[in-house]
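The next block holds one structure in the form of structure tokens; read it before the comments.
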Amino acid sequence: MSNVKEKMTEVIQSQFEDATYEGILRDLAFERMIERGVLDSRSGRVISYEDMKRRIRPWQK
């Protein structure tokens, strides 16, 4: 089994028995976002805290 299938199976099996389809999809998407963030960080695709504050400031108005 591929790593992708193994990770998806792990996430799905960790769900409660009464988990919803939407909840499972949300958790799978969250897991993927984390994975992408780690890969970005390892590759040096990051920005400084100050730059992020400057980018977010207009959203807060």
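Each chain in the structure tokens gets a letter, A, B, ..., in the order shown, and its residues are numbered from 1; ligands are numbered from 1 in order too.
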Test item: residues at most 10 Å from Gln15 (chain A), only C-alpha atoms, excluding those fewer than 6 positions along its chain, as a PDB file with N, CA and C atoms, in the first residue's frame:
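Printed below is part_31.pdb as written:
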```pdb
ATOM      1  N   GLY A  23     -16.862  15.366   8.329  1.00  0.00           N
ATOM      2  CA  GLY A  23     -15.838  15.392   9.362  1.00  0.00           C
ATOM      3  C   GLY A  23     -14.581  14.640   8.938  1.00  0.00           C
ATOM      4  N   ILE A  24     -14.771  13.501   8.301  1.00  0.00           N
ATOM      5  CA  ILE A  24     -13.631  12.724   7.815  1.00  0.00           C
ATOM      6  C   ILE A  24     -12.894  13.503   6.734  1.00  0.00           C
ATOM      7  N   ASP A  27     -10.865  16.295   8.298  1.00  0.00           N
ATOM      8  CA  ASP A  27      -9.646  15.816   8.951  1.00  0.00           C
ATOM      9  C   ASP A  27      -8.589  15.380   7.939  1.00  0.00           C
TER      10      ASP A  27
END
```
Taking only chain A into account, list the residues labelled alpha helix (DSSP H) by DSSP (computed from the backbone), as a ChimeraX atom specification.
/A:3-13,21-42,49-56
Could you please take those selected residues and save N, CA and C atoms as a CSV table (one decimal), in the first residue's frame?
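Wrote selection32.csv, looks like this:
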```
chain,number,residue,atom,x,y,z
A,3,ASN,N,2.2,5.2,0.7
A,3,ASN,CA,2.2,6.0,1.9
A,3,ASN,C,0.9,6.8,2.0
A,4,VAL,N,0.4,7.3,0.8
A,4,VAL,CA,-0.8,8.1,0.8
A,4,VAL,C,-2.0,7.3,1.4
A,5,LYS,N,-2.2,6.1,0.8
A,5,LYS,CA,-3.3,5.2,1.3
A,5,LYS,C,-3.1,4.9,2.8
A,6,GLU,N,-1.9,4.6,3.2
A,6,GLU,CA,-1.7,4.3,4.6
A,6,GLU,C,-2.0,5.4,5.5
A,7,LYS,N,-1.6,6.7,5.1
A,7,LYS,CA,-2.0,7.8,5.9
A,7,LYS,C,-3.5,8.1,6.0
A,8,MET,N,-4.1,8.0,4.8
A,8,MET,CA,-5.6,8.2,4.8
A,8,MET,C,-6.3,7.1,5.6
A,9,THR,N,-5.8,5.9,5.5
A,9,THR,CA,-6.4,4.8,6.3
A,9,THR,C,-6.2,5.1,7.8
A,10,GLU,N,-5.1,5.6,8.2
A,10,GLU,CA,-4.8,5.9,9.6
A,10,GLU,C,-5.7,7.0,10.1
A,11,VAL,N,-5.9,8.0,9.3
A,11,VAL,CA,-6.8,9.1,9.7
A,11,VAL,C,-8.2,8.7,9.8
A,12,ILE,N,-8.7,7.9,8.8
A,12,ILE,CA,-10.0,7.4,8.8
A,12,ILE,C,-10.3,6.4,10.0
A,13,GLN,N,-9.3,5.6,10.3
A,13,GLN,CA,-9.5,4.6,11.4
A,13,GLN,C,-9.5,5.3,12.7
A,21,TYR,N,-19.3,12.0,7.1
A,21,TYR,CA,-18.5,12.1,5.9
A,21,TYR,C,-17.7,13.4,5.8
A,22,GLU,N,-18.4,14.5,6.2
A,22,GLU,CA,-17.8,15.9,6.2
A,22,GLU,C,-16.7,16.0,7.2
A,23,GLY,N,-16.9,15.4,8.3
A,23,GLY,CA,-15.8,15.4,9.4
A,23,GLY,C,-14.6,14.6,8.9
A,24,ILE,N,-14.8,13.5,8.3
A,24,ILE,CA,-13.6,12.7,7.8
A,24,ILE,C,-12.9,13.5,6.7
A,25,LEU,N,-13.6,14.1,5.8
A,25,LEU,CA,-13.0,14.9,4.7
A,25,LEU,C,-12.2,16.1,5.3
A,26,ARG,N,-12.8,16.7,6.3
A,26,ARG,CA,-12.2,17.9,7.0
A,26,ARG,C,-10.8,17.4,7.6
A,27,ASP,N,-10.9,16.3,8.3
A,27,ASP,CA,-9.6,15.8,9.0
A,27,ASP,C,-8.6,15.4,7.9
A,28,LEU,N,-9.0,14.8,6.8
A,28,LEU,CA,-8.1,14.4,5.8
A,28,LEU,C,-7.4,15.7,5.2
A,29,ALA,N,-8.3,16.7,4.9
A,29,ALA,CA,-7.7,17.9,4.4
A,29,ALA,C,-6.8,18.6,5.4
A,30,PHE,N,-7.1,18.6,6.6
A,30,PHE,CA,-6.2,19.2,7.7
A,30,PHE,C,-4.9,18.5,7.7
A,31,GLU,N,-4.9,17.2,7.6
A,31,GLU,CA,-3.7,16.4,7.7
A,31,GLU,C,-2.8,16.7,6.5
A,32,ARG,N,-3.5,16.9,5.3
A,32,ARG,CA,-2.7,17.3,4.1
A,32,ARG,C,-2.1,18.7,4.2
A,33,MET,N,-2.9,19.6,4.8
A,33,MET,CA,-2.3,21.0,5.0
A,33,MET,C,-1.1,21.0,5.9
A,34,ILE,N,-1.1,20.1,6.9
A,34,ILE,CA,0.0,20.0,7.8
A,34,ILE,C,1.2,19.5,7.1
A,35,GLU,N,1.0,18.4,6.3
A,35,GLU,CA,2.0,17.8,5.5
A,35,GLU,C,2.7,18.8,4.6
A,36,ARG,N,1.8,19.5,3.9
A,36,ARG,CA,2.4,20.5,2.9
A,36,ARG,C,3.2,21.6,3.7
A,37,GLY,N,2.7,22.0,4.8
A,37,GLY,CA,3.4,23.0,5.6
A,37,GLY,C,4.8,22.5,6.0
A,38,VAL,N,4.8,21.3,6.5
A,38,VAL,CA,6.1,20.7,6.9
A,38,VAL,C,7.1,20.7,5.7
A,39,LEU,N,6.6,20.2,4.5
A,39,LEU,CA,7.4,20.2,3.3
A,39,LEU,C,7.9,21.6,2.9
A,40,ASP,N,7.0,22.5,3.0
A,40,ASP,CA,7.4,23.9,2.7
A,40,ASP,C,8.5,24.4,3.6
A,41,SER,N,8.3,24.1,4.9
A,41,SER,CA,9.3,24.5,5.9
A,41,SER,C,10.7,23.9,5.6
A,42,ARG,N,10.7,22.6,5.4
A,42,ARG,CA,11.9,21.9,5.1
A,42,ARG,C,12.6,22.4,3.8
A,49,TYR,N,7.8,36.3,10.5
A,49,TYR,CA,6.6,36.7,11.3
A,49,TYR,C,6.2,38.1,11.0
A,50,GLU,N,7.2,39.0,10.8
A,50,GLU,CA,6.9,40.4,10.5
A,50,GLU,C,6.2,40.5,9.2
A,51,ASP,N,6.7,39.8,8.2
A,51,ASP,CA,6.1,39.8,6.9
A,51,ASP,C,4.6,39.3,6.9
A,52,MET,N,4.4,38.2,7.7
A,52,MET,CA,3.1,37.7,7.8
A,52,MET,C,2.1,38.7,8.5
A,53,LYS,N,2.6,39.3,9.5
A,53,LYS,CA,1.8,40.4,10.2
A,53,LYS,C,1.4,41.5,9.2
A,54,ARG,N,2.3,41.9,8.4
A,54,ARG,CA,2.0,42.9,7.4
A,54,ARG,C,1.0,42.4,6.4
A,55,ARG,N,1.1,41.2,6.0
A,55,ARG,CA,0.1,40.6,5.0
A,55,ARG,C,-1.3,40.5,5.6
A,56,ILE,N,-1.3,40.1,6.9
A,56,ILE,CA,-2.6,39.9,7.5
A,56,ILE,C,-3.3,41.2,7.9
```
